[in-house]
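File shown: structure.txt (compact mmCIF, C-alpha atoms).
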# COMPACT_ATOMS: atom_id res chain seq x y z
CA ASP A 87 -12.63 -9.25 13.25
CA ALA A 88 -11.66 -10.34 16.73
CA LYS A 89 -8.11 -11.62 16.96
CA THR A 90 -8.81 -14.00 19.83
CA THR A 91 -10.39 -17.45 20.17
CA GLN A 92 -12.36 -18.53 23.22
CA PRO A 93 -14.65 -21.47 24.06
CA ASN A 94 -18.31 -20.60 23.62
CA SER A 95 -19.29 -21.66 27.11
CA MET A 96 -17.97 -23.04 30.39
CA GLU A 97 -19.51 -24.19 33.64
CA SER A 98 -18.26 -23.98 37.16
CA ASN A 99 -19.47 -24.66 40.65
CA GLU A 100 -19.76 -21.96 43.26
CA GLU A 101 -16.68 -21.45 45.45
CA GLU A 102 -14.45 -23.32 42.98
CA PRO A 103 -11.71 -21.77 40.81
CA VAL A 104 -12.43 -21.08 37.15
CA HIS A 105 -9.85 -20.96 34.37
CA LEU A 106 -11.04 -19.22 31.23
CA PRO A 107 -8.69 -19.79 28.26
CA CYS A 108 -8.00 -17.52 25.33
CA ASN A 109 -5.85 -18.05 22.24
CA HIS A 110 -4.28 -15.11 20.44
CA SER A 111 -1.68 -16.62 18.17
CA THR A 112 -1.29 -13.49 16.02
CA ILE A 113 -0.54 -11.18 18.94
CA SER A 114 2.11 -8.55 18.29
CA GLY A 115 4.84 -7.59 20.68
CA THR A 116 3.10 -4.42 21.86
CA ASP A 117 -0.45 -5.78 22.21
CA TYR A 118 -1.90 -5.78 25.68
CA ILE A 119 -4.36 -8.57 26.50
CA HIS A 120 -7.60 -7.22 27.93
CA TRP A 121 -10.44 -9.03 29.62
CA TYR A 122 -13.90 -7.62 29.99
CA ARG A 123 -17.07 -9.27 31.19
CA GLN A 124 -20.73 -8.58 30.61
CA LEU A 125 -23.21 -9.51 33.29
CA PRO A 126 -26.83 -10.10 32.25
CA SER A 127 -28.64 -6.89 31.33
CA GLN A 128 -25.54 -4.75 31.81
CA GLY A 129 -22.82 -3.23 29.69
CA PRO A 130 -19.35 -4.78 29.62
CA GLU A 131 -17.00 -4.05 32.50
CA TYR A 132 -13.22 -4.12 32.64
CA VAL A 133 -11.71 -7.05 34.50
CA ILE A 134 -7.95 -7.05 33.98
CA HIS A 135 -5.21 -6.53 31.41
CA GLY A 136 -1.56 -7.46 30.99
CA LEU A 137 1.36 -7.49 28.58
CA THR A 138 3.87 -10.18 29.53
CA SER A 139 3.87 -10.82 33.26
CA ASN A 140 1.06 -12.42 35.20
CA VAL A 141 -1.27 -9.87 36.77
CA ASN A 142 -3.48 -9.91 39.83
CA ASN A 143 -6.23 -7.58 40.99
CA ARG A 144 -9.19 -7.78 43.31
CA MET A 145 -11.38 -9.35 40.64
CA ALA A 146 -9.14 -11.93 38.99
CA SER A 147 -5.70 -13.08 37.92
CA LEU A 148 -4.33 -13.15 34.41
CA ALA A 149 -1.79 -15.81 33.46
CA ILE A 150 0.04 -15.12 30.20
CA ALA A 151 1.94 -17.85 28.36
CA GLU A 152 5.63 -17.29 27.83
CA ASP A 153 5.18 -16.99 24.05
CA ARG A 154 2.13 -14.74 24.65
CA LYS A 155 0.03 -16.72 22.21
CA SER A 156 -2.45 -17.66 24.88
CA SER A 157 -3.66 -16.46 28.25
CA THR A 158 -5.95 -17.61 31.03
CA LEU A 159 -8.26 -15.57 33.20
CA ILE A 160 -8.50 -17.07 36.67
CA LEU A 161 -11.37 -16.49 39.04
CA HIS A 162 -10.10 -17.90 42.31
CA ARG A 163 -13.49 -18.60 43.87
CA ALA A 164 -16.45 -18.32 41.55
CA THR A 165 -19.66 -16.84 42.92
CA LEU A 166 -23.10 -16.71 41.37
CA ARG A 167 -22.45 -13.06 40.60
CA ASP A 168 -19.56 -14.07 38.33
CA ALA A 169 -21.96 -15.62 35.82
CA ALA A 170 -21.37 -13.54 32.71
CA VAL A 171 -19.90 -13.51 29.21
CA TYR A 172 -16.14 -13.04 29.43
CA TYR A 173 -14.34 -11.38 26.53
CA CYS A 174 -10.63 -11.66 25.78
CA ILE A 175 -9.59 -8.72 23.61
CA LEU A 176 -6.45 -7.47 21.93
CA ARG A 177 -5.92 -3.81 21.23
CA ASP A 178 -6.72 -2.69 17.72
CA VAL A 179 -6.50 0.66 15.96
CA THR A 180 -9.22 2.52 14.09
CA GLN A 181 -8.70 4.10 10.68
CA GLY A 182 -8.46 7.39 12.52
CA GLY A 183 -5.60 6.09 14.65
CA SER A 184 -7.50 5.67 17.90
CA GLU A 185 -7.18 2.53 19.98
CA LYS A 186 -10.29 0.36 19.98
CA LEU A 187 -11.70 -2.80 21.49
CA VAL A 188 -12.83 -5.51 19.09
CA PHE A 189 -15.18 -7.87 20.87
CA GLY A 190 -15.60 -11.49 19.84
CA LYS A 191 -18.35 -13.79 21.02
CA GLY A 192 -16.68 -14.44 24.36
CA THR A 193 -17.16 -17.31 26.78
CA LYS A 194 -20.46 -17.60 28.60
CA LEU A 195 -19.69 -18.71 32.14
CA THR A 196 -22.40 -20.49 34.10
CA VAL A 197 -21.88 -20.85 37.84
CA ASN A 198 -23.84 -23.60 39.53
CA PRO A 199 -24.87 -23.24 43.19
CA GLU B 258 -22.59 2.22 38.88
CA THR B 259 -19.89 2.77 36.27
CA GLY B 260 -20.16 6.54 36.02
CA VAL B 261 -21.80 6.26 32.60
CA THR B 262 -25.57 6.65 32.38
CA GLN B 263 -27.86 6.08 29.43
CA THR B 264 -31.45 7.10 28.82
CA PRO B 265 -33.89 5.76 28.05
CA ARG B 266 -33.17 2.20 29.13
CA HIS B 267 -35.86 0.85 26.82
CA LEU B 268 -37.30 2.34 23.64
CA VAL B 269 -39.88 1.11 21.16
CA MET B 270 -40.22 3.10 17.97
CA GLY B 271 -41.85 2.81 14.61
CA MET B 272 -39.91 2.94 11.38
CA THR B 273 -41.07 6.49 10.65
CA ASN B 274 -40.30 7.90 14.09
CA LYS B 275 -37.40 10.10 15.12
CA LYS B 276 -35.89 9.50 18.53
CA SER B 277 -32.62 10.16 20.35
CA LEU B 278 -30.53 8.13 22.76
CA LYS B 279 -28.60 10.00 25.43
CA CYS B 280 -25.39 9.11 27.20
CA GLU B 281 -23.69 11.03 30.01
CA GLN B 282 -20.39 10.27 31.69
CA HIS B 283 -19.32 11.60 35.09
CA LEU B 284 -15.72 10.40 34.92
CA GLY B 285 -13.99 13.38 33.35
CA HIS B 286 -13.07 11.35 30.28
CA ASN B 287 -12.38 12.93 26.89
CA ALA B 288 -13.43 10.09 24.57
CA MET B 289 -16.86 8.55 24.07
CA TYR B 290 -18.16 5.64 22.02
CA TRP B 291 -21.35 4.13 20.63
CA TYR B 292 -21.56 0.34 20.25
CA LYS B 293 -24.33 -1.86 18.89
CA GLN B 294 -25.03 -5.31 20.30
CA SER B 295 -27.45 -7.39 18.23
CA ALA B 296 -28.71 -10.78 19.21
CA LYS B 297 -26.22 -13.50 18.30
CA LYS B 298 -23.58 -10.97 17.13
CA PRO B 299 -20.57 -9.52 18.94
CA LEU B 300 -20.52 -5.91 20.04
CA GLU B 301 -19.83 -3.66 17.06
CA LEU B 302 -18.15 -0.29 17.38
CA MET B 303 -20.23 2.39 15.65
CA PHE B 304 -18.69 5.78 16.43
CA VAL B 305 -15.77 7.22 18.37
CA TYR B 306 -15.53 10.79 19.61
CA SER B 307 -12.30 12.21 20.97
CA LEU B 308 -12.24 15.74 22.39
CA GLU B 309 -15.74 16.21 20.99
CA GLU B 310 -14.65 15.41 17.43
CA ARG B 311 -15.78 12.33 15.59
CA VAL B 312 -12.69 10.26 14.85
CA GLU B 313 -14.32 7.05 13.71
CA ASN B 314 -17.46 6.16 11.80
CA ASN B 315 -17.44 2.42 11.35
CA SER B 316 -19.50 2.37 8.12
CA VAL B 317 -22.69 3.12 9.99
CA PRO B 318 -25.81 3.96 7.89
CA SER B 319 -26.81 7.61 7.85
CA ARG B 320 -30.09 6.87 9.65
CA PHE B 321 -27.87 6.87 12.77
CA SER B 322 -26.54 10.35 13.50
CA PRO B 323 -24.26 10.92 16.51
CA GLU B 324 -23.75 14.20 18.30
CA CYS B 325 -21.22 15.13 20.96
CA PRO B 326 -21.96 18.65 22.26
CA ASN B 327 -19.37 18.44 25.05
CA SER B 328 -17.04 15.88 26.56
CA SER B 329 -19.65 14.63 29.03
CA HIS B 330 -22.58 14.07 26.70
CA LEU B 331 -23.14 11.91 23.65
CA PHE B 332 -26.32 11.48 21.66
CA LEU B 333 -27.41 9.07 18.97
CA HIS B 334 -30.20 10.48 16.81
CA LEU B 335 -32.33 7.87 15.09
CA HIS B 336 -34.62 8.28 12.10
CA THR B 337 -36.34 5.94 9.64
CA LEU B 338 -34.87 2.87 11.27
CA GLN B 339 -35.43 -0.68 10.12
CA PRO B 340 -36.52 -3.67 12.23
CA GLU B 341 -33.00 -5.12 11.91
CA ASP B 342 -31.73 -2.09 13.83
CA SER B 343 -33.36 -3.50 16.96
CA ALA B 344 -30.50 -4.08 19.38
CA LEU B 345 -28.85 -3.01 22.61
CA TYR B 346 -27.03 0.28 22.09
CA LEU B 347 -24.16 0.81 24.48
CA CYS B 348 -22.27 3.97 25.26
CA ALA B 349 -18.76 3.95 26.70
CA SER B 350 -16.15 6.49 27.72
CA SER B 351 -12.41 6.45 28.25
CA GLN B 352 -9.46 8.72 28.74
CA ASP B 353 -7.50 9.49 25.57
CA SER B 354 -9.27 6.95 23.32
CA GLY B 355 -7.72 4.15 25.30
CA THR B 356 -8.78 0.59 25.79
CA LEU B 357 -9.82 1.00 29.43
CA GLN B 358 -13.42 1.85 28.69
CA TYR B 359 -16.36 2.29 31.02
CA PHE B 360 -19.72 1.22 29.65
CA GLY B 361 -23.21 2.36 30.41
CA PRO B 362 -26.07 -0.10 30.92
CA GLY B 363 -27.34 0.34 27.38
CA THR B 364 -30.62 1.23 25.71
CA ARG B 365 -32.68 -1.70 24.49
CA LEU B 366 -34.18 -0.50 21.19
CA THR B 367 -37.03 -2.24 19.42
CA VAL B 368 -38.07 -1.03 15.96
CA THR B 369 -41.55 -2.09 14.92

Any chance you could give the structure as structure tokens?
Amino acid sequence: DAKTTQPNSMESNEEEPVHLPCNHSTISGTDYIHWYRQLPSQGPEYVIHGLTSNVNNRMASLAIAEDRKSSTLILHRATLRDAAVYYCILRDVTQGGSEKLVFGKGTKLTVNP
Amino acid sequence: ETGVTQTPRHLVMGMTNKKSLKCEQHLGHNAMYWYKQSAKKPLELMFVYSLEERVENNSVPSRFSPECPNSSHLFLHLHTLQPEDSALYLCASSQDSGTLQYFGPGTRLTVT
């Protein structure tokens, strides 16, 4: 089961910032927080990941709470192309010892023109 | 373009048919994955291959048979499927079975 909790859906207006929350109260000290997104009719794509410090890349920013039990993905200026399902994921381990992604239901982001 | 391609993009098959899904990655990765995405359910990990060896079978029925002939190619052989197997099947690759995975566009499978 996914170890994260996200709102089912959110709406935003084009050119405005979007803050997508995620709760992960059972996170362990070594778990990275990953964000992926899935655009319509496509496979998921990596957005960003972090451990403790806030992270920035060309796609988004990741703000991580001091106790690491929650995080927020920030899209600074939403565009219509950002409409997607956003997944917040913690690292998990398979029975064989490999790292794996466990997807939850994610947050469906709608961007209004 | 993610560097991971899947064919066919769409497939309709009867319950008695045998078909195969193909995945190819051009990223030089050494791990590959099959996921299933059904309507109204989260993505489910099916199989993991690392260095061409299967390292994870997530309790998948035997009517799904994966094959990894080399590090760039992954197949999913299908036989005697059920209508509830209709879903989007996604392939992904990564380096060293890590969590930075690159996904293909998926094959939309319909079983009639």

* Name the residues, using the chain letters and numbers of the file, that sit within 8 Å of (-12.1, -7.0, 32.7) when counting all atoms listed in the file, and give them as a PyMOL selection string. => chain A and resi 120-123+131-135+172-173

Counting only C-alpha atoms, collect the residues of chain B whose closest atom lies at most 8 Å from chain A, and write them out as a PDB file with C-alpha atoms, in the frame of the given file.
ATOM      1  CA  LYS B 298     -23.580 -10.970  17.130  1.00  0.00           C
ATOM      2  CA  PRO B 299     -20.570  -9.520  18.940  1.00  0.00           C
ATOM      3  CA  LEU B 300     -20.520  -5.910  20.040  1.00  0.00           C
ATOM      4  CA  GLU B 301     -19.830  -3.660  17.060  1.00  0.00           C
ATOM      5  CA  LEU B 302     -18.150  -0.290  17.380  1.00  0.00           C
ATOM      6  CA  VAL B 312     -12.690  10.260  14.850  1.00  0.00           C
ATOM      7  CA  GLU B 313     -14.320   7.050  13.710  1.00  0.00           C
ATOM      8  CA  LEU B 347     -24.160   0.810  24.480  1.00  0.00           C
ATOM      9  CA  SER B 354      -9.270   6.950  23.320  1.00  0.00           C
ATOM     10  CA  GLY B 355      -7.720   4.150  25.300  1.00  0.00           C
ATOM     11  CA  THR B 356      -8.780   0.590  25.790  1.00  0.00           C
ATOM     12  CA  LEU B 357      -9.820   1.000  29.430  1.00  0.00           C
ATOM     13  CA  GLN B 358     -13.420   1.850  28.690  1.00  0.00           C
ATOM     14  CA  TYR B 359     -16.360   2.290  31.020  1.00  0.00           C
ATOM     15  CA  PHE B 360     -19.720   1.220  29.650  1.00  0.00           C
ATOM     16  CA  GLY B 361     -23.210   2.360  30.410  1.00  0.00           C
ATOM     17  CA  PRO B 362     -26.070  -0.100  30.920  1.00  0.00           C
ATOM     18  CA  GLY B 363     -27.340   0.340  27.380  1.00  0.00           C
TER      19      GLY B 363
END

* Using all atoms listed in the file, collect all residues at a distance of at most 12 Å from (-20.5, -19.5, 39.9) as written in the file, then present them as an NGL selection string. => :A and (96-104 or 161-170 or 194-199)

* Asked: By how many Å are atom CA of B:Ser322 and atom CA of B:His334 apart?
  ->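 Those two atoms sit 4.9 Å apart.
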
* Structure fact -> Residue with the minimum atom-to-atom distance to A:Leu106, picked from A:Ile119, A:Val179, A:Leu125, A:Leu148 with all atoms listed in the file counted, is A:Leu148

* Grab the atom CA of B:Phe304 to atom CA of A:Asn109 distance for me, in Å with one decimal place. =>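 These atoms are spaced 27.7 Å apart.
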
* To do: Report the distance between atom CA of A:Lys155 and atom CA of A:Lys89 in Å, rounded to one decimal place.
  =>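 It comes out at 10.9 Å.
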
* **Long-range neighbours of B:Pro326 as an MDAnalysis selection string, 8 Å cut-off, all atoms listed in the file, 3 positions minimum in chain** => chainID B and resid 309 330:331

* Within 6 Å of A:Ser156, counting only C-alpha atoms, which residues qualify if same-chain residues fewer than 4 places away don't, as a PyMOL selection string? -> chain A and resi 108-110+151

* Can you pull out every residue within 6 Å of B:Met289, counting only C-alpha atoms, but drop anything in the same chain fewer than 5 positions away, and send it as a list in words? => Val305, Tyr306, Ala349 and Ser350 of chain B

* Asked: Skipping near chain neighbours, those fewer than 2 positions away, what residues fall within 12 Å of B:Met272 using all atoms listed in the file, listed as a list in words?
  ->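 Residues near the query, excluding close chain neighbours: Val269, Met270, Asn274, Lys275, Lys276, Arg320, Leu335, His336, Thr337, Leu338, Gln339, Pro340, Glu341, Asp342, Ser343, Leu366, Thr367, Val368 and Thr369 of chain B.
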
* To do: Quick one: everything within 7 Å of B:Gly260, counting all atoms listed in the file, minus sequence neighbours fewer than 4 positions away in the same chain. Send it as a ChimeraX atom specification.
  => /B:282-284

Find the smallest box with edges along x, y and z containing every listed atom of stretch 304-318 of chain B, then add 3 Å on each side and report centre and edge lengths in Å to one decimal, as lines of an AutoDock Vina configuration file.
center_x = -19.0
center_y = 9.3
center_z = 15.1
size_x = 19.6
size_y = 19.8
size_z = 20.5
